[in-house]
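Everything below concerns the one structure shown next.
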Amino acid sequence: MGEIFRQLSGLLEHLGEKRIAVVHLFGAEIRFDVMAILMSWVVIILLVLLALWLRRGLRRPVEEKPTRTQAALDGLIDLLKTQLADNFASERLAIMMFPFISTLFLYVLLCNWLGVFPYMMSPTQDINVTFGLALMVAVMSHVLAARFNGVRKWLKSFVEPYPFMLPINLVGVIANPLSHAFRLFGNILAGTILVTVIMVKFAPIFIPPVLNIFFGLFFGGIQAFVFAILAVAYINVAVEG
Amino acid sequence: MLQEAQTVASGISGAHIAEAAKYIAAGLCMGIGAIGPAIGEGLAAAHALDGMARQPEMQGALLRTMVLGQAISETTGIYSLLIAIVLLFVI
């Protein structure tokens, strides 16, 4: 028992550690966390492999009797489509945003679930990853607002309802992606720290798997859902005004 | 007794006090910061449950809106959590 504790205590020392790589590019110094990037690639490769594997179950002529995989996928995509159609104001926007939102959801979900496996780390416990995703959603919402309503109306939305509200609206523009990013990052990081601390300090056997299932799988799923739904809400509010 | 206490106290430096204050601050930050989101999320769940009991056919939409509202009201708790983490691991 003491041996297990001694081996695990190394984990706690490396809890906040990051493997930072520095790249000099065009005179600028770029720093990034190697582990987060590696794990993001793992998630991307997993998603691509999953898509390729699921595609094998499809039959080209649609008139034939669908395979089991095909039926399940049809049901899943119908479910996602109706969910999005309910949340978005217009049907056109929902169909347009369907690939973006579902990809965002799947990516964040796999990122959160990756932290459950040993020697793996959730890319989403790095603030840069979540911030990149949130920034993408924010830019997307403003671009879509300008495209759907015209640039004039989009600019005018900053001085509504009264012109003196401009600073408050500008703070909102910055605060939305900020809270969007921090929410995902904080939840995943807190789960990881809690599981690691309990594993190292109190109980190395039996309890960590249960906590991992609760924090990793359950909370990871909820947070991925919340992230996608909030992206939908931000885009919808920006377009609707 | 007094002399003993004095010798112990003379061994405490400013760094020790800062270290202790760090942990106390992190604990206070999390403990007080968790009150608001907990009450808010509980209220959201209670009212969503009320609505579901009254209109069971609205369950899907109510659940979705409830989770969204809870996620937003959770933000303040997440901010205090981040500050606690910064206090513990960074400073």
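Starting from 1 in every chain, residues are counted up; chains themselves are A, B, ... following the order of the structure tokens, and ligands are numbered from 1 as listed.
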Interface rows for chain A against chain B: nearest pair, Å to one decimal, 9 Å, only C-alpha atoms, as a tab-separated table:
residue	atom	partner	partner_atom	distance
A:Gly16	CA	B:Phe89	CA	7.2
A:Asp86	CA	B:Ala61	CA	8.6
A:Ser179	CA	B:Thr75	CA	6.7
A:His180	CA	B:Thr75	CA	8.7
A:Phe182	CA	B:Ile78	CA	7.3
A:Arg183	CA	B:Thr75	CA	6.2
A:Phe185	CA	B:Ile78	CA	9.0
A:Gly186	CA	B:Ile78	CA	5.8
A:Asn187	CA	B:Ile78	CA	7.2
A:Ala190	CA	B:Leu81	CA	7.8
A:Ile222	CA	B:Val67	CA	8.6
A:Gln223	CA	B:Ala71	CA	8.4
A:Val226	CA	B:Leu68	CA	6.3
A:Phe227	CA	B:Ala71	CA	9.0
A:Ile229	CA	B:Leu68	CA	7.1
A:Leu230	CA	B:Leu68	CA	7.0
For this session: Write out as a ChimeraX atom specification which residues come within 10 Å of A:Leu114 when counting only C-alpha atoms, dropping same-chain ones fewer than 2 positions away.
Result: /A:39-40,42-43,108-112,116-124,216-217,220
Save out the residues we just selected, C-alpha atoms, as a PDB file, in the first residue's frame.
ATOM      1  CA  MET A  39      -3.710  15.097 -27.514  1.00  0.00           C
ATOM      2  CA  SER A  40      -5.687  17.330 -29.896  1.00  0.00           C
ATOM      3  CA  VAL A  42      -5.122  12.144 -31.117  1.00  0.00           C
ATOM      4  CA  VAL A  43      -8.723  13.375 -30.880  1.00  0.00           C
ATOM      5  CA  VAL A 108     -15.177  18.658 -27.151  1.00  0.00           C
ATOM      6  CA  LEU A 109     -16.806  15.378 -26.060  1.00  0.00           C
ATOM      7  CA  LEU A 110     -13.838  13.272 -27.181  1.00  0.00           C
ATOM      8  CA  CYS A 111     -11.416  15.815 -25.713  1.00  0.00           C
ATOM      9  CA  ASN A 112     -13.133  15.545 -22.318  1.00  0.00           C
ATOM     10  CA  VAL A 116     -10.116   9.288 -18.417  1.00  0.00           C
ATOM     11  CA  PHE A 117      -7.501   7.024 -19.969  1.00  0.00           C
ATOM     12  CA  PRO A 118      -4.111   6.626 -18.273  1.00  0.00           C
ATOM     13  CA  TYR A 119      -1.183   8.549 -19.762  1.00  0.00           C
ATOM     14  CA  MET A 120      -3.676  10.729 -21.622  1.00  0.00           C
ATOM     15  CA  MET A 121      -4.655  14.317 -20.920  1.00  0.00           C
ATOM     16  CA  SER A 122      -7.781  16.201 -21.891  1.00  0.00           C
ATOM     17  CA  PRO A 123      -6.737  18.906 -24.339  1.00  0.00           C
ATOM     18  CA  THR A 124      -9.602  20.951 -22.893  1.00  0.00           C
ATOM     19  CA  GLY A 216     -14.622  12.357 -16.733  1.00  0.00           C
ATOM     20  CA  LEU A 217     -17.515  10.704 -18.517  1.00  0.00           C
ATOM     21  CA  GLY A 220     -17.403  15.662 -19.690  1.00  0.00           C
TER      22      GLY A 220
END
For this session: Extract, using only C-alpha atoms, all DNA, RNA and protein residues at most 9 Å from A:Asn87, discarding same-chain residues fewer than 5 positions from it, and format them as a PyMOL selection string.
Result: chain A and resi 82+94+229+232-233+236
Include C-alpha atoms and write out the residues we just selected as a PDB file, in the first residue's frame.
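Contents of the output file out06.pdb:
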ATOM      1  CA  THR A  82     -34.478  18.447 -34.683  1.00  0.00           C
ATOM      2  CA  ALA A  94     -30.059  25.537 -38.396  1.00  0.00           C
ATOM      3  CA  ILE A 229     -25.777  24.598 -26.717  1.00  0.00           C
ATOM      4  CA  VAL A 232     -25.973  27.795 -30.537  1.00  0.00           C
ATOM      5  CA  ALA A 233     -27.350  30.414 -28.130  1.00  0.00           C
ATOM      6  CA  ASN A 236     -28.703  32.735 -32.389  1.00  0.00           C
TER       7      ASN A 236
END
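Using only C-alpha atoms, the nearest neighbour of A:Phe98 within the list A:Ile77, A:Leu178, A:Ala71, A:Trp113 is A:Ile77.
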Seminar exercise, completed: Nearest to B:Gly42, restricted to only C-alpha atoms and choosing among B:Gln59, B:Ser73, B:Ala25, B:Arg54, comes out as B:Ser73
Exercise. Among stretch 55-228 of chain A, which ones does DSSP place in helix (DSSP H, G or I), written as an NGL selection string?
Worked result: :A and (55 or 68-87 or 91-114 or 123-125 or 127-149 or 151-159 or 163-201 or 207-228)
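The spacing separating atom CA of A:Ile235 from atom CA of A:Ala146 amounts to 11.4 Å.
Our summary of the geometry notes that atom CA of A:Gly115 is positioned 11.1 Å from atom CA of A:Ala36.
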Exercise. Counting only C-alpha atoms, what is within 8 Å of B:Leu62, bar same-chain residues fewer than 4 positions away, as number ranges by chain?
Worked result: B: 48, 51-52, 58, 66
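Distances here use only C-alpha atoms; by that measure, the residue among B:Leu43, B:Ile91, B:Met1, B:Ile83 closest to B:Glu19 is B:Ile91.
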For this session: Please provide as a list in words all residues within 12 Å of B:Leu28, with the sequence filter that same-chain residues fewer than 4 positions apart are discarded (counting only C-alpha atoms).
Result: Ala21, Lys22, Tyr23, Ile24, Ile32, Gly33, Ala34, Ile35, Ser80, Leu81, Ile83, Ala84 and Leu87 of chain B
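Compared by their closest atoms to A:Val48, and using only C-alpha atoms, the residues A:Ile207, A:Ala85, A:Leu184, A:Leu106 rank with A:Leu106 nearest.
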Exercise. Which is closest to B:Ala46 among B:Ala15, B:Glu4, B:Leu63, B:Cys29, if we use only C-alpha atoms?
Worked result: B:Leu63
